[in-house]
>>> print(open('work23.pdb').read())   # PDB, C-alpha atoms (C1' of nucleotides)
ATOM      1  CA  MET A   1     -25.327 -21.818  16.224
ATOM      2  CA  PRO A   2     -22.057 -19.961  16.161
ATOM      3  CA  ARG A   3     -21.212 -17.742  19.015
ATOM      4  CA  PRO A   4     -22.318 -14.166  18.378
ATOM      5  CA  SER A   5     -19.706 -11.537  17.749
ATOM      6  CA  ALA A   6     -20.575  -8.120  19.052
ATOM      7  CA  ILE A   7     -17.793  -6.379  17.206
ATOM      8  CA  ARG A   8     -18.219  -8.135  13.921
ATOM      9  CA  ASN A   9     -21.943  -7.504  14.023
ATOM     10  CA  SER A  10     -21.372  -3.845  14.674
ATOM     11  CA  ILE A  11     -18.945  -3.637  11.789
ATOM     12  CA  ALA A  12     -21.385  -5.366   9.499
ATOM     13  CA  GLU A  13     -24.156  -2.972  10.398
ATOM     14  CA  LEU A  14     -21.916   0.007  10.104
ATOM     15  CA  VAL A  15     -20.242  -0.754   6.817
ATOM     16  CA  SER A  16     -22.931  -2.715   5.141
ATOM     17  CA  ARG A  17     -25.812  -0.364   5.889
ATOM     18  CA  SER A  18     -23.998   2.844   5.171
ATOM     19  CA  ASP A  19     -23.745   4.497   1.817
ATOM     20  CA  ARG A  20     -20.259   5.526   2.646
ATOM     21  CA  HIS A  21     -17.585   3.960   0.476
ATOM     22  CA  GLY A  22     -14.044   2.911   1.110
ATOM     23  CA  TRP A  23     -13.881   2.658   4.898
ATOM     24  CA  THR A  24     -10.388   2.237   6.238
ATOM     25  CA  ILE A  25      -9.788   0.077   9.286
ATOM     26  CA  GLU A  26      -9.090   3.197  11.259
ATOM     27  CA  GLU A  27     -12.302   4.854  10.149
ATOM     28  CA  VAL A  28     -14.278   1.801  11.122
ATOM     29  CA  SER A  29     -12.642   1.763  14.534
ATOM     30  CA  ALA A  30     -13.434   5.430  15.069
ATOM     31  CA  ALA A  31     -17.032   5.007  13.981
ATOM     32  CA  LEU A  32     -17.463   2.036  16.290
ATOM     33  CA  GLU A  33     -16.089   3.999  19.179
ATOM     34  CA  GLN A  34     -18.530   6.810  18.472
ATOM     35  CA  ARG A  35     -21.252   4.232  18.798
ATOM     36  CA  GLY A  36     -19.863   3.154  22.112
ATOM     37  CA  VAL A  37     -18.174   0.031  20.803
ATOM     38  CA  ARG A  38     -14.549  -0.054  21.790
ATOM     39  CA  ALA A  39     -12.579  -2.537  19.752
ATOM     40  CA  ASP A  40      -8.944  -3.266  19.203
ATOM     41  CA  THR A  41      -7.549  -2.704  15.725
ATOM     42  CA  SER A  42      -6.812  -6.381  15.387
ATOM     43  CA  SER A  43     -10.413  -7.233  16.186
ATOM     44  CA  VAL A  44     -11.683  -4.743  13.644
ATOM     45  CA  PHE A  45      -9.214  -6.119  11.151
ATOM     46  CA  ARG A  46     -10.295  -9.688  11.748
ATOM     47  CA  GLY A  47     -13.913  -8.718  11.615
ATOM     48  CA  LEU A  48     -13.480  -7.002   8.286
ATOM     49  CA  VAL A  49     -11.510  -9.869   6.816
ATOM     50  CA  ARG A  50     -14.114 -12.314   7.966
ATOM     51  CA  LEU A  51     -16.997 -10.291   6.586
ATOM     52  CA  ALA A  52     -15.179  -9.935   3.296
ATOM     53  CA  ASP A  53     -14.592 -13.677   3.186
ATOM     54  CA  ASP A  54     -18.247 -14.228   3.856
ATOM     55  CA  GLY A  55     -19.134 -11.903   1.031
ATOM     56  CA  VAL A  56     -20.941  -9.433   3.227
ATOM     57  CA  ILE A  57     -18.567  -6.627   2.373
ATOM     58  CA  GLU A  58     -15.727  -6.251  -0.055
ATOM     59  CA  ALA A  59     -12.203  -4.975   0.092
ATOM     60  CA  LEU A  60     -10.716  -2.416  -2.211
ATOM     61  CA  GLU A  61      -7.508  -0.505  -2.653
ATOM     62  CA  LEU A  62      -7.309   3.094  -3.753
ATOM     63  CA  GLY A  63      -3.612   3.478  -4.113
ATOM     64  CA  ASP A  64      -2.793   5.066  -0.785
ATOM     65  CA  GLY A  65      -1.528   1.881   0.724
ATOM     66  CA  ARG A  66      -4.521   1.368   2.937
ATOM     67  CA  VAL A  67      -7.035  -1.402   2.576
ATOM     68  CA  ARG A  68     -10.597  -0.206   2.402
ATOM     69  CA  TYR A  69     -13.922  -1.913   2.789
ATOM     70  CA  GLU A  70     -17.463  -1.183   1.792
ATOM     71  CA  ALA A  71     -20.861  -2.772   1.481
ATOM     72  CA  ARG A  72     -21.054  -5.385  -1.199
ATOM     73  CA  ALA A  73     -23.102  -3.909  -3.978
ATOM     74  CA  GLU A  74     -23.556  -3.718  -7.691
ATOM     75  CA  HIS A  75     -20.455  -3.034  -9.691
ATOM     76  CA  HIS A  76     -19.264   0.540  -9.554
ATOM     77  CA  GLU A  77     -16.034   2.466  -9.687
ATOM     78  CA  HIS A  78     -14.601   4.907  -7.177
ATOM     79  CA  ILE A  79     -13.564   8.495  -6.964
ATOM     80  CA  SER A  80     -11.665  10.028  -4.108
ATOM     81  CA  CYS A  81     -11.071  13.612  -3.134
ATOM     82  CA  SER A  82      -7.409  14.485  -3.163
ATOM     83  CA  SER A  83      -8.053  17.152  -0.572
ATOM     84  CA  CYS A  84     -10.180  15.596   2.140
ATOM     85  CA  GLY A  85     -10.061  11.922   1.234
ATOM     86  CA  THR A  86     -13.780  11.426   0.817
ATOM     87  CA  VAL A  87     -14.539   8.409  -1.320
ATOM     88  CA  GLY A  88     -17.510   8.404  -3.643
ATOM     89  CA  ALA A  89     -19.069   5.880  -5.982
ATOM     90  CA  VAL A  90     -19.192   6.134  -9.738
ATOM     91  CA  PRO A  91     -22.186   4.120 -10.884
ATOM     92  CA  GLY A  92     -21.966   1.669 -13.719
ATOM     93  CA  CYS A  93     -18.957   0.319 -15.514
ATOM     94  CA  LEU A  94     -16.902   2.281 -17.966
ATOM     95  CA  VAL A  95     -14.567  -0.332 -19.328
ATOM     96  CA  GLU A  96     -16.536  -3.563 -19.516
ATOM     97  CA  GLN A  97     -17.027  -3.328 -23.235
ATOM     98  CA  ALA A  98     -13.367  -2.569 -23.759
ATOM     99  CA  ILE A  99     -12.135  -5.855 -22.341
ATOM    100  CA  PRO A 100     -11.963  -7.749 -25.635
ATOM    101  CA  SER A 101      -9.781  -5.088 -27.180
ATOM    102  CA  VAL A 102      -7.616  -4.979 -24.068
ATOM    103  CA  GLU A 103      -7.114  -8.718 -24.294
ATOM    104  CA  GLY A 104      -6.241  -8.361 -27.952
ATOM    105  CA  ALA A 105      -3.750  -5.595 -27.309
ATOM    106  CA  THR A 106      -2.033  -7.166 -24.324
ATOM    107  CA  GLY A 107      -2.386 -10.916 -24.748
ATOM    108  CA  PHE A 108      -3.596 -11.153 -21.174
ATOM    109  CA  ARG A 109      -6.799 -12.853 -20.240
ATOM    110  CA  VAL A 110      -8.633 -10.205 -18.260
ATOM    111  CA  THR A 111     -10.267 -11.330 -15.069
ATOM    112  CA  GLY A 112     -10.897  -8.056 -13.321
ATOM    113  CA  HIS A 113     -10.472  -4.342 -13.408
ATOM    114  CA  ARG A 114     -10.587  -1.271 -11.300
ATOM    115  CA  VAL A 115     -11.192   2.301 -12.258
ATOM    116  CA  HIS A 116     -10.267   4.980  -9.805
ATOM    117  CA  PHE A 117     -10.860   8.655 -10.363
ATOM    118  CA  THR A 118      -9.269  11.370  -8.294
ATOM    119  CA  GLY A 119     -10.502  14.897  -8.002
ATOM    120  CA  LEU A 120     -12.094  17.405  -5.700
ATOM    121  CA  CYS A 121     -15.372  16.775  -3.975
ATOM    122  CA  VAL A 122     -18.197  19.270  -3.747
ATOM    123  CA  GLN A 123     -16.924  20.674  -0.469
ATOM    124  CA  CYS A 124     -13.311  20.987  -1.534
ATOM    125  CA  ALA A 125     -13.682  22.121  -5.146
ATOM    126  CA  PRO A 126     -14.696  25.733  -4.351
ATOM    127  CA  ALA A 127     -11.944  26.221  -1.802
ATOM    128  CA  ALA A 128      -9.291  24.976  -4.174
ATOM    129  CA  GLY A 129     -10.455  27.274  -6.910
TER     130      GLY A 129
ATOM    131  CA  MET B   1      27.457  21.503 -13.004
ATOM    132  CA  PRO B   2      25.907  19.177 -10.421
ATOM    133  CA  ARG B   3      27.839  16.287  -9.158
ATOM    134  CA  PRO B   4      27.168  13.130 -11.195
ATOM    135  CA  SER B   5      25.221  10.299  -9.639
ATOM    136  CA  ALA B   6      26.248   6.881 -10.817
ATOM    137  CA  ILE B   7      23.285   5.169  -9.252
ATOM    138  CA  ARG B   8      20.678   7.639 -10.345
ATOM    139  CA  ASN B   9      22.016   7.575 -13.863
ATOM    140  CA  SER B  10      21.886   3.817 -13.949
ATOM    141  CA  ILE B  11      18.331   3.854 -12.704
ATOM    142  CA  ALA B  12      17.352   6.394 -15.314
ATOM    143  CA  GLU B  13      18.842   4.340 -18.109
ATOM    144  CA  LEU B  14      17.324   1.168 -16.803
ATOM    145  CA  VAL B  15      13.807   2.339 -16.160
ATOM    146  CA  SER B  16      13.515   4.998 -18.745
ATOM    147  CA  ARG B  17      14.895   3.024 -21.665
ATOM    148  CA  SER B  18      13.114  -0.184 -20.937
ATOM    149  CA  ASP B  19       9.683  -1.113 -22.154
ATOM    150  CA  ARG B  20       9.041  -2.819 -18.896
ATOM    151  CA  HIS B  21       6.324  -1.253 -16.799
ATOM    152  CA  GLY B  22       5.769  -0.936 -13.098
ATOM    153  CA  TRP B  23       9.228  -1.520 -11.682
ATOM    154  CA  THR B  24       9.262  -1.951  -7.937
ATOM    155  CA  ILE B  25      12.170  -0.617  -5.919
ATOM    156  CA  GLU B  26      13.292  -4.153  -5.332
ATOM    157  CA  GLU B  27      13.185  -4.998  -9.017
ATOM    158  CA  VAL B  28      15.240  -1.948  -9.845
ATOM    159  CA  SER B  29      17.802  -2.910  -7.219
ATOM    160  CA  ALA B  30      18.054  -6.435  -8.588
ATOM    161  CA  ALA B  31      18.412  -5.218 -12.158
ATOM    162  CA  LEU B  32      21.120  -2.794 -11.150
ATOM    163  CA  GLU B  33      23.003  -5.518  -9.378
ATOM    164  CA  GLN B  34      22.827  -7.684 -12.482
ATOM    165  CA  ARG B  35      24.484  -4.845 -14.298
ATOM    166  CA  GLY B  36      27.184  -4.729 -11.712
ATOM    167  CA  VAL B  37      25.828  -1.699  -9.887
ATOM    168  CA  ARG B  38      25.445  -2.396  -6.220
ATOM    169  CA  ALA B  39      23.204   0.138  -4.510
ATOM    170  CA  ASP B  40      21.501   0.370  -1.195
ATOM    171  CA  THR B  41      17.726   0.342  -1.146
ATOM    172  CA  SER B  42      17.677   3.857   0.219
ATOM    173  CA  SER B  43      19.841   5.074  -2.634
ATOM    174  CA  VAL B  44      17.594   3.410  -5.173
ATOM    175  CA  PHE B  45      14.609   4.886  -3.421
ATOM    176  CA  ARG B  46      16.060   8.369  -3.428
ATOM    177  CA  GLY B  47      17.114   8.019  -7.027
ATOM    178  CA  LEU B  48      13.635   7.002  -8.078
ATOM    179  CA  VAL B  49      11.986   9.787  -6.127
ATOM    180  CA  ARG B  50      14.343  12.316  -7.612
ATOM    181  CA  LEU B  51      13.834  11.092 -11.157
ATOM    182  CA  ALA B  52      10.090  11.165 -10.638
ATOM    183  CA  ASP B  53      10.310  14.714  -9.311
ATOM    184  CA  ASP B  54      12.354  15.672 -12.324
ATOM    185  CA  GLY B  55       9.723  14.176 -14.579
ATOM    186  CA  VAL B  56      12.040  11.583 -16.056
ATOM    187  CA  ILE B  57       9.980   8.690 -14.784
ATOM    188  CA  GLU B  58       6.656   8.408 -13.042
ATOM    189  CA  ALA B  59       5.335   6.608 -10.045
ATOM    190  CA  LEU B  60       2.289   4.415  -9.968
ATOM    191  CA  GLU B  61       0.434   2.189  -7.589
ATOM    192  CA  LEU B  62      -1.174  -1.058  -8.550
ATOM    193  CA  GLY B  63      -2.909  -1.931  -5.354
ATOM    194  CA  ASP B  64      -0.383  -4.318  -3.870
ATOM    195  CA  GLY B  65       1.031  -1.774  -1.489
ATOM    196  CA  ARG B  66       4.230  -1.302  -3.404
ATOM    197  CA  VAL B  67       5.211   1.833  -5.243
ATOM    198  CA  ARG B  68       6.168   1.266  -8.835
ATOM    199  CA  TYR B  69       7.977   3.337 -11.398
ATOM    200  CA  GLU B  70       8.241   3.403 -15.140
ATOM    201  CA  ALA B  71       9.406   5.515 -18.023
ATOM    202  CA  ARG B  72       7.392   8.635 -18.513
ATOM    203  CA  ALA B  73       5.367   8.104 -21.621
ATOM    204  CA  GLU B  74       2.076   8.769 -23.319
ATOM    205  CA  HIS B  75      -0.987   8.057 -21.283
ATOM    206  CA  HIS B  76      -1.812   4.404 -20.924
ATOM    207  CA  GLU B  77      -3.396   2.102 -18.417
ATOM    208  CA  HIS B  78      -1.962  -1.005 -16.773
ATOM    209  CA  ILE B  79      -2.678  -4.661 -16.508
ATOM    210  CA  SER B  80      -0.973  -7.033 -14.129
ATOM    211  CA  CYS B  81      -0.817 -10.795 -14.012
ATOM    212  CA  SER B  82      -2.327 -12.164 -10.845
ATOM    213  CA  SER B  83      -0.106 -15.199 -11.132
ATOM    214  CA  CYS B  84       3.398 -13.957 -11.838
ATOM    215  CA  GLY B  85       3.062 -10.243 -11.258
ATOM    216  CA  THR B  86       4.121  -9.136 -14.713
ATOM    217  CA  VAL B  87       2.894  -5.651 -15.504
ATOM    218  CA  GLY B  88       1.841  -4.694 -19.003
ATOM    219  CA  ALA B  89       0.623  -1.548 -20.676
ATOM    220  CA  VAL B  90      -2.812  -0.980 -22.079
ATOM    221  CA  PRO B  91      -2.473   1.641 -24.797
ATOM    222  CA  GLY B  92      -4.816   4.574 -25.041
ATOM    223  CA  CYS B  93      -7.386   5.797 -22.606
ATOM    224  CA  LEU B  94     -10.664   4.116 -21.950
ATOM    225  CA  VAL B  95     -12.392   6.590 -19.717
ATOM    226  CA  GLU B  96     -11.394  10.031 -20.901
ATOM    227  CA  GLN B  97     -14.663  10.677 -22.657
ATOM    228  CA  ALA B  98     -16.599   9.520 -19.624
ATOM    229  CA  ILE B  99     -15.261  12.222 -17.325
ATOM    230  CA  PRO B 100     -18.071  14.720 -17.898
ATOM    231  CA  SER B 101     -20.686  12.174 -16.968
ATOM    232  CA  VAL B 102     -18.642  11.102 -13.957
ATOM    233  CA  GLU B 103     -18.501  14.688 -12.802
ATOM    234  CA  GLY B 104     -22.213  14.985 -13.287
ATOM    235  CA  ALA B 105     -22.960  11.817 -11.383
ATOM    236  CA  THR B 106     -20.630  12.464  -8.473
ATOM    237  CA  GLY B 107     -20.355  16.218  -8.153
ATOM    238  CA  PHE B 108     -16.590  15.890  -8.020
ATOM    239  CA  ARG B 109     -14.304  17.795 -10.283
ATOM    240  CA  VAL B 110     -12.191  15.089 -11.861
ATOM    241  CA  THR B 111      -8.481  15.730 -12.051
ATOM    242  CA  GLY B 112      -7.118  12.292 -12.737
ATOM    243  CA  HIS B 113      -7.895   8.651 -13.137
ATOM    244  CA  ARG B 114      -6.346   5.263 -13.183
ATOM    245  CA  VAL B 115      -7.524   2.088 -14.801
ATOM    246  CA  HIS B 116      -5.990  -1.141 -13.703
ATOM    247  CA  PHE B 117      -6.824  -4.502 -15.195
ATOM    248  CA  THR B 118      -5.900  -7.777 -13.623
ATOM    249  CA  GLY B 119      -5.695 -11.073 -15.397
ATOM    250  CA  LEU B 120      -3.353 -13.764 -16.601
ATOM    251  CA  CYS B 121      -0.470 -13.046 -18.900
ATOM    252  CA  VAL B 122       0.400 -15.104 -21.953
ATOM    253  CA  GLN B 123       2.740 -17.345 -19.981
ATOM    254  CA  CYS B 124       0.379 -17.931 -17.090
ATOM    255  CA  ALA B 125      -2.952 -18.203 -18.851
ATOM    256  CA  PRO B 126      -2.401 -21.714 -20.289
ATOM    257  CA  ALA B 127      -1.142 -23.133 -17.016
ATOM    258  CA  ALA B 128      -4.130 -21.826 -15.120
ATOM    259  CA  GLY B 129      -6.506 -23.350 -17.585
TER     260      GLY B 129
ATOM    261  C1'  DT C   1     -15.256 -29.089  27.305
ATOM    262  C1'  DT C   2     -14.580 -27.149  23.106
ATOM    263  C1'  DC C   3     -14.898 -23.247  20.159
ATOM    264  C1'  DC C   4     -14.598 -18.764  18.975
ATOM    265  C1'  DG C   5     -14.111 -13.754  19.859
ATOM    266  C1'  DT C   6     -11.074 -10.284  21.747
ATOM    267  C1'  DG C   7      -7.288  -7.566  23.599
ATOM    268  C1'  DC C   8      -2.507  -6.820  23.965
ATOM    269  C1'  DA C   9       1.796  -6.993  22.245
ATOM    270  C1'  DA C  10       4.844  -8.001  18.886
ATOM    271  C1'  DA C  11       6.230  -9.349  14.031
ATOM    272  C1'  DA C  12       6.256  -8.188   9.239
ATOM    273  C1'  DG C  13       6.737  -5.769   4.819
ATOM    274  C1'  DC C  14       7.787  -1.521   2.614
ATOM    275  C1'  DT C  15       8.805   3.044   2.592
ATOM    276  C1'  DT C  16      11.265   6.971   4.434
ATOM    277  C1'  DT C  17      14.584   9.481   7.234
ATOM    278  C1'  DG C  18      18.917  10.533  10.108
ATOM    279  C1'  DC C  19      23.534  10.613  10.361
ATOM    280  C1'  DA C  20      28.233  10.175   9.082
ATOM    281  C1'  DT C  21      31.314   9.606   5.256
ATOM    282  C1'  DA C  22      32.924  10.185   0.794
ATOM    283  C1'  DT C  23      33.322  12.422  -3.504
ATOM    284  C1'  DT C  24      33.186  16.071  -6.892
ATOM    285  C1'  DG C  25      33.385  20.879  -8.509
TER     286       DG C  25
ATOM    287  C1'  DC D   1      35.182  24.735   1.060
ATOM    288  C1'  DA D   2      30.408  23.795  -0.301
ATOM    289  C1'  DA D   3      27.157  20.779  -2.067
ATOM    290  C1'  DT D   4      25.560  16.273  -3.348
ATOM    291  C1'  DA D   5      25.616  11.192  -3.281
ATOM    292  C1'  DT D   6      25.601   7.006  -0.756
ATOM    293  C1'  DG D   7      25.583   3.366   2.801
ATOM    294  C1'  DC D   8      23.976   1.757   7.087
ATOM    295  C1'  DA D   9      20.875   1.632  10.519
ATOM    296  C1'  DA D  10      16.811   2.874  12.428
ATOM    297  C1'  DA D  11      12.160   4.959  12.429
ATOM    298  C1'  DG D  12       7.389   4.833  10.639
ATOM    299  C1'  DC D  13       2.961   3.080   9.066
ATOM    300  C1'  DT D  14      -0.293  -0.202   8.283
ATOM    301  C1'  DT D  15      -1.355  -4.734   8.105
ATOM    302  C1'  DT D  16      -0.920  -9.431  10.303
ATOM    303  C1'  DT D  17      -0.046 -12.828  13.617
ATOM    304  C1'  DG D  18       0.854 -15.143  18.297
ATOM    305  C1'  DC D  19      -0.767 -15.926  22.741
ATOM    306  C1'  DA D  20      -3.660 -16.156  26.528
ATOM    307  C1'  DC D  21      -8.023 -15.262  28.531
ATOM    308  C1'  DG D  22     -12.992 -15.563  28.840
ATOM    309  C1'  DG D  23     -17.553 -16.419  27.556
ATOM    310  C1'  DA D  24     -21.002 -19.218  24.932
ATOM    311  C1'  DA D  25     -22.777 -23.666  23.123
TER     312       DA D  25
END
>>> encode(input="work23.pdb", output="structure tokens")
Amino acid sequence: MPRPSAIRNSIAELVSRSDRHGWTIEEVSAALEQRGVRADTSSVFRGLVRLADDGVIEALELGDGRVRYEARAEHHEHISCSSCGTVGAVPGCLVEQAIPSVEGATGFRVTGHRVHFTGLCVQCAPAAG
Amino acid sequence: MPRPSAIRNSIAELVSRSDRHGWTIEEVSAALEQRGVRADTSSVFRGLVRLADDGVIEALELGDGRVRYEARAEHHEHISCSSCGTVGAVPGCLVEQAIPSVEGATGFRVTGHRVHFTGLCVQCAPAAG
DNA sequence: TTCCGTGCAAAAGCTTTGCATATTG
DNA sequence: CAATATGCAAAGCTTTTGCACGGAA
């Protein structure tokens, strides 16, 4: 039996059991600390990479140059608030059926896709008008 | 009349008149050098930022942590080859009509979106099987 | 003893900025 | 002279990696 990893286990519980999407390494670190788990960034990083490799969580990129992680779940897209940064999930897939035409138009063989909406979340929309 | 900028002009001609998409700063620098224009990375960077501010070109992000630029044009999505990095354009918009339902499902007010396909380009697809 | 997890510190890869110089109007 | 462009070098940010230590099997 492999040696238990306190930090990695905490990360797994945190990220994988939360409905929050798109955790950054920093956010995970902060959340762990709030739970009384102090962990170095490198340990959090390694934990996340490992969990992603193991298929427990998955990595994503929302265009701000920071890697994000979230519970592995059914396919969905993402939407992030340009004001506060909150990341939400957009259920379902909006482009799946368009893949054949994309392949026809580009000549590429499509192996994956990512749809990312930006906007204002419920909290920020009123304030911004 | 503002002082002319040799480098910025070269960048504008290069990026804005090419049908190539998603130029990285490094790629722009290399292309300039091939044309006999030697320019420091910072100058290329500033030129690109300025041109983007002026609306001549636009910036985009394809999830690899590098900022990319391309001619400002009609709305289109992108597809990049996971083997050689080539970036192509996917004409039209695949999610525009889905925005109302996205807003309904998420509560966000949608202000923008980005669709990014990944796959294998014509050159790389055969080699990869 | 042999792994494996962790912290600390440092390297890396890009982007961005500061500063001094040069060039144009 | 005043304003802008440019090069060079260095700062910043986040992600990664190297090393050494310590605990578990």
>>> resolve_selection(input="work23.pdb", expression="the PyMOL selection byres ((chain B) within 8 of (chain A))", output="PyMOL selection string")
chain B and resi 61-66+81+88-91+94-95+98+102+105-122+125
>>> write_last_selection(input="work23.pdb", atoms="C-alpha atoms", output="CSV table (one decimal), keeping the file's coordinate frame")
chain,number,residue,atom,x,y,z
B,61,GLU,CA,0.4,2.2,-7.6
B,62,LEU,CA,-1.2,-1.1,-8.6
B,63,GLY,CA,-2.9,-1.9,-5.4
B,64,ASP,CA,-0.4,-4.3,-3.9
B,65,GLY,CA,1.0,-1.8,-1.5
B,66,ARG,CA,4.2,-1.3,-3.4
B,81,CYS,CA,-0.8,-10.8,-14.0
B,88,GLY,CA,1.8,-4.7,-19.0
B,89,ALA,CA,0.6,-1.5,-20.7
B,90,VAL,CA,-2.8,-1.0,-22.1
B,91,PRO,CA,-2.5,1.6,-24.8
B,94,LEU,CA,-10.7,4.1,-22.0
B,95,VAL,CA,-12.4,6.6,-19.7
B,98,ALA,CA,-16.6,9.5,-19.6
B,102,VAL,CA,-18.6,11.1,-14.0
B,105,ALA,CA,-23.0,11.8,-11.4
B,106,THR,CA,-20.6,12.5,-8.5
B,107,GLY,CA,-20.4,16.2,-8.2
B,108,PHE,CA,-16.6,15.9,-8.0
B,109,ARG,CA,-14.3,17.8,-10.3
B,110,VAL,CA,-12.2,15.1,-11.9
B,111,THR,CA,-8.5,15.7,-12.1
B,112,GLY,CA,-7.1,12.3,-12.7
B,113,HIS,CA,-7.9,8.7,-13.1
B,114,ARG,CA,-6.3,5.3,-13.2
B,115,VAL,CA,-7.5,2.1,-14.8
B,116,HIS,CA,-6.0,-1.1,-13.7
B,117,PHE,CA,-6.8,-4.5,-15.2
B,118,THR,CA,-5.9,-7.8,-13.6
B,119,GLY,CA,-5.7,-11.1,-15.4
B,120,LEU,CA,-3.4,-13.8,-16.6
B,121,CYS,CA,-0.5,-13.0,-18.9
B,122,VAL,CA,0.4,-15.1,-22.0
B,125,ALA,CA,-3.0,-18.2,-18.9
>>> resolve_selection(input="work23.pdb", expression="the PyMOL selection byres ((chain B and resi 42-57) around 7)", output="PyMOL selection string")
(chain B and resi 8+16+25+29+39-41+58-59+69-72) or (chain D and resi 6)
>>> interface_residues(input="work23.pdb", of="chain C", to="chain A", cutoff="7 Å", atoms="all atoms listed in the file", output="PyMOL selection string")
chain C and resi 4-7
>>> atom_distance(input="work23.pdb", atom1="C1' of DT16 in chain D", atom2="C1' of DC8 in chain C")
14.0 Å
>>> interface_residues(input="work23.pdb", of="chain D", to="chain A", cutoff="10 Å", atoms="only C-alpha atoms (C1' of nucleotides)", output="list in words")
DC13, DT14, DT15, DT16, DT17, DG23, DA24 and DA25 of chain D
>>> atom_distance(input="work23.pdb", atom1="CA of Leu32 in chain B", atom2="CA of Ser10 in chain B")
7.2 Å
>>> axis_aligned_box(input="work23.pdb", around="range 4-23 of chain D", padding_each_side="4 Å", output="AutoDock Vina command-line options")
--center_x 4.0 --center_y -0.1 --center_z 12.7 --size_x 51.2 --size_y 40.7 --size_z 40.2
>>> atom_distance(input="work23.pdb", atom1="C1' of DG13 in chain C", atom2="CA of Val28 in chain B")
17.4 Å
>>> closest_residue(input="work23.pdb", among="C:DT17, C:DC3, C:DT23, C:DA12", to="DG22 in chain D", atoms="only C-alpha atoms (C1' of nucleotides)")
C:DC3
